[in-house]
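In what follows, a single structure is set out as structure tokens and then discussed.
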Amino acid sequence: MNDFFYRKLDVYQESLQQVKSVYELTMKFPSKEQFALTDQIKRAVISIPSNIAEGMGRFSIKERIHFLDIANGSLTETMCQLEIAHLLAYISDEDLKSNEEKMAVLARKLLGLKKSLEDKLNRQNNS
């Protein structure tokens with residue numbers, strides 16, 4: 001088995017792209033936000049692929065599911081922070097909408113992966 005098989009997951013690859021996108025977006029924020037909203041949003045978006053990777057590195061399916069739940073929480077936190085950035089006029093309507101669409105796709109893929117793991121867990125428990 002490839003020790004880093006999570007790298008092949010579409011949801012992981014897309015979460016990395018979302019990190020890049022959010023980092024590029026935060027470059028537009030005022031410098032006064034560098035250690036406030038900018039820092040918080042970067043930590044939240046980095047947490048998405050980090051928790052996918054950590055979860056897939058666990059041997060227990062329950063633990064994998066748990067870390068996908070954490071990744072999803074970080075995804076919604078990131079979305080909330082993008083809405084705050086929009087409210088403060090740091091990002092445009094277009095930037096918000098574009099990121100919201102990407103995050104929605106990512107959320108569906110996380111849910112799909114979680115469901116497949118839950119199905120696998122149920123099959124194991126019924127064997």
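A note on labels: chains of the structure tokens are A, B, ... as shown, every chain counts residues from 1, and ligands are counted from 1 in their shown order.
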Using only C-alpha atoms, find each residue of range 52-127 of chain A with at least one atom at most 12 Å away from an atom of range 31-46 of chain A; report its shortest atom-to-atom pair and that distance in Å (one decimal), sort the rows by chain and rising residue number, and return the result as a Markdown table.
```
| residue | atom | partner | partner_atom | distance |
| --- | --- | --- | --- | --- |
| A:Ile52 | CA | A:Ile46 | CA | 10.5 |
| A:Ala53 | CA | A:Ile46 | CA | 11.2 |
| A:Ile70 | CA | A:Ala44 | CA | 10.5 |
| A:Ala71 | CA | A:Val45 | CA | 9.0 |
| A:Asn72 | CA | A:Val45 | CA | 10.3 |
| A:Gly73 | CA | A:Ala44 | CA | 8.9 |
| A:Ser74 | CA | A:Ala44 | CA | 5.3 |
| A:Leu75 | CA | A:Val45 | CA | 6.6 |
| A:Thr76 | CA | A:Ala44 | CA | 8.9 |
| A:Glu77 | CA | A:Ala44 | CA | 6.4 |
| A:Thr78 | CA | A:Ala44 | CA | 5.5 |
| A:Met79 | CA | A:Ile41 | CA | 8.8 |
| A:Cys80 | CA | A:Ile41 | CA | 9.1 |
| A:Gln81 | CA | A:Ile41 | CA | 6.1 |
| A:Leu82 | CA | A:Ile41 | CA | 7.7 |
| A:Glu83 | CA | A:Ile41 | CA | 10.8 |
| A:Ile84 | CA | A:Leu37 | CA | 8.6 |
| A:Ala85 | CA | A:Leu37 | CA | 7.8 |
| A:His86 | CA | A:Leu37 | CA | 11.6 |
| A:Leu88 | CA | A:Leu37 | CA | 10.6 |
| A:Tyr90 | CA | A:Glu33 | CA | 9.9 |
| A:Ile91 | CA | A:Thr38 | CA | 12.0 |
| A:Asn99 | CA | A:Val45 | CA | 11.6 |
| A:Met103 | CA | A:Val45 | CA | 10.3 |
| A:Leu106 | CA | A:Val45 | CA | 11.8 |
```
| query | Mind checking DSSP for chain A and telling me the helix (DSSP H, G or I) residues as an NGL selection string? | reply | :A and (5-8 or 10-26 or 31-33 or 37-56 or 61-87 or 93-125)
Dump of C-alpha atoms for the selected residues, as an mmCIF file, in the first residue's frame:
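Below you can see part.cif, which holds the result:
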```cif
data_model
loop_
_atom_site.group_PDB
_atom_site.id
_atom_site.type_symbol
_atom_site.label_atom_id
_atom_site.label_comp_id
_atom_site.auth_asym_id
_atom_site.auth_seq_id
_atom_site.Cartn_x
_atom_site.Cartn_y
_atom_site.Cartn_z
ATOM 1 C CA PHE A 5 -2.356 7.279 -0.948
ATOM 2 C CA TYR A 6 -4.463 10.234 0.201
ATOM 3 C CA ARG A 7 -2.565 12.317 -2.387
ATOM 4 C CA LYS A 8 -4.506 10.505 -5.109
ATOM 5 C CA ASP A 10 -9.720 14.093 -5.745
ATOM 6 C CA VAL A 11 -11.034 15.695 -2.569
ATOM 7 C CA TYR A 12 -7.492 16.106 -1.267
ATOM 8 C CA GLN A 13 -6.201 17.566 -4.546
ATOM 9 C CA GLU A 14 -9.111 19.997 -4.722
ATOM 10 C CA SER A 15 -8.592 21.032 -1.110
ATOM 11 C CA LEU A 16 -4.978 21.890 -1.953
ATOM 12 C CA GLN A 17 -6.205 24.045 -4.816
ATOM 13 C CA GLN A 18 -8.584 25.770 -2.413
ATOM 14 C CA VAL A 19 -5.651 26.555 -0.119
ATOM 15 C CA LYS A 20 -3.856 28.205 -3.034
ATOM 16 C CA SER A 21 -6.973 30.126 -4.035
ATOM 17 C CA VAL A 22 -7.618 31.439 -0.520
ATOM 18 C CA TYR A 23 -3.974 32.415 -0.047
ATOM 19 C CA GLU A 24 -4.101 34.387 -3.295
ATOM 20 C CA LEU A 25 -7.351 35.998 -2.182
ATOM 21 C CA THR A 26 -5.956 37.066 1.192
ATOM 22 C CA SER A 31 -2.187 44.820 5.852
ATOM 23 C CA LYS A 32 -3.945 45.591 9.147
ATOM 24 C CA GLU A 33 -5.681 42.211 8.780
ATOM 25 C CA LEU A 37 -8.757 37.607 9.670
ATOM 26 C CA THR A 38 -5.979 36.759 7.206
ATOM 27 C CA ASP A 39 -4.227 34.519 9.700
ATOM 28 C CA GLN A 40 -7.469 32.866 10.814
ATOM 29 C CA ILE A 41 -8.695 32.132 7.294
ATOM 30 C CA LYS A 42 -5.336 30.673 6.291
ATOM 31 C CA ARG A 43 -5.311 28.358 9.309
ATOM 32 C CA ALA A 44 -8.859 27.223 8.565
ATOM 33 C CA VAL A 45 -8.268 26.481 4.885
ATOM 34 C CA ILE A 46 -4.967 24.678 5.610
ATOM 35 C CA SER A 47 -6.855 22.500 8.077
ATOM 36 C CA ILE A 48 -9.002 21.025 5.292
ATOM 37 C CA PRO A 49 -6.305 19.036 3.414
ATOM 38 C CA SER A 50 -4.369 18.505 6.635
ATOM 39 C CA ASN A 51 -7.283 16.679 8.252
ATOM 40 C CA ILE A 52 -8.016 14.695 5.109
ATOM 41 C CA ALA A 53 -4.392 13.528 5.093
ATOM 42 C CA GLU A 54 -4.309 12.822 8.824
ATOM 43 C CA GLY A 55 -7.572 10.908 8.694
ATOM 44 C CA MET A 56 -6.493 8.786 5.759
ATOM 45 C CA ILE A 61 -12.299 3.691 9.683
ATOM 46 C CA LYS A 62 -14.020 5.463 12.575
ATOM 47 C CA GLU A 63 -10.982 7.697 12.998
ATOM 48 C CA ARG A 64 -10.870 8.408 9.272
ATOM 49 C CA ILE A 65 -14.504 9.482 9.402
ATOM 50 C CA HIS A 66 -13.800 11.642 12.454
ATOM 51 C CA PHE A 67 -11.045 13.551 10.650
ATOM 52 C CA LEU A 68 -13.242 14.034 7.585
ATOM 53 C CA ASP A 69 -15.795 15.609 9.925
ATOM 54 C CA ILE A 70 -13.089 17.947 11.210
ATOM 55 C CA ALA A 71 -12.081 18.797 7.622
ATOM 56 C CA ASN A 72 -15.707 19.614 6.862
ATOM 57 C CA GLY A 73 -15.874 21.857 9.927
ATOM 58 C CA SER A 74 -12.781 23.692 8.715
ATOM 59 C CA LEU A 75 -14.382 24.051 5.309
ATOM 60 C CA THR A 76 -17.470 25.710 6.779
ATOM 61 C CA GLU A 77 -15.258 27.887 8.983
ATOM 62 C CA THR A 78 -13.354 29.011 5.895
ATOM 63 C CA MET A 79 -16.607 29.810 4.117
ATOM 64 C CA CYS A 80 -17.783 31.862 7.103
ATOM 65 C CA GLN A 81 -14.538 33.823 7.073
ATOM 66 C CA LEU A 82 -14.862 34.470 3.347
ATOM 67 C CA GLU A 83 -18.331 35.869 4.032
ATOM 68 C CA ILE A 84 -16.841 38.128 6.719
ATOM 69 C CA ALA A 85 -14.158 39.278 4.271
ATOM 70 C CA HIS A 86 -16.906 40.045 1.769
ATOM 71 C CA LEU A 87 -18.923 41.923 4.389
ATOM 72 C CA ASP A 93 -19.095 39.458 -4.951
ATOM 73 C CA GLU A 94 -17.441 37.470 -7.729
ATOM 74 C CA ASP A 95 -14.636 36.224 -5.456
ATOM 75 C CA LEU A 96 -17.142 35.128 -2.834
ATOM 76 C CA LYS A 97 -19.375 33.349 -5.356
ATOM 77 C CA SER A 98 -16.448 31.595 -7.033
ATOM 78 C CA ASN A 99 -15.064 30.338 -3.741
ATOM 79 C CA GLU A 100 -18.502 29.344 -2.515
ATOM 80 C CA GLU A 101 -18.990 27.176 -5.603
ATOM 81 C CA LYS A 102 -15.590 25.512 -5.125
ATOM 82 C CA MET A 103 -16.268 24.942 -1.437
ATOM 83 C CA ALA A 104 -19.673 23.422 -2.207
ATOM 84 C CA VAL A 105 -18.054 20.918 -4.590
ATOM 85 C CA LEU A 106 -15.411 20.143 -1.991
ATOM 86 C CA ALA A 107 -18.081 19.645 0.693
ATOM 87 C CA ARG A 108 -19.988 17.195 -1.533
ATOM 88 C CA LYS A 109 -16.798 15.225 -2.202
ATOM 89 C CA LEU A 110 -15.969 15.104 1.509
ATOM 90 C CA LEU A 111 -19.479 13.847 2.201
ATOM 91 C CA GLY A 112 -19.129 11.228 -0.544
ATOM 92 C CA LEU A 113 -15.861 9.956 0.887
ATOM 93 C CA LYS A 114 -17.341 9.900 4.371
ATOM 94 C CA LYS A 115 -20.367 7.951 3.131
ATOM 95 C CA SER A 116 -18.178 5.396 1.374
ATOM 96 C CA LEU A 117 -16.206 4.882 4.595
ATOM 97 C CA GLU A 118 -19.427 4.578 6.614
ATOM 98 C CA ASP A 119 -20.694 1.973 4.141
ATOM 99 C CA LYS A 120 -17.408 0.064 4.489
ATOM 100 C CA LEU A 121 -17.679 0.244 8.280
ATOM 101 C CA ASN A 122 -21.255 -1.041 8.174
ATOM 102 C CA ARG A 123 -20.216 -3.960 5.949
ATOM 103 C CA GLN A 124 -17.436 -4.822 8.411
ATOM 104 C CA ASN A 125 -19.796 -4.640 11.354
#
```
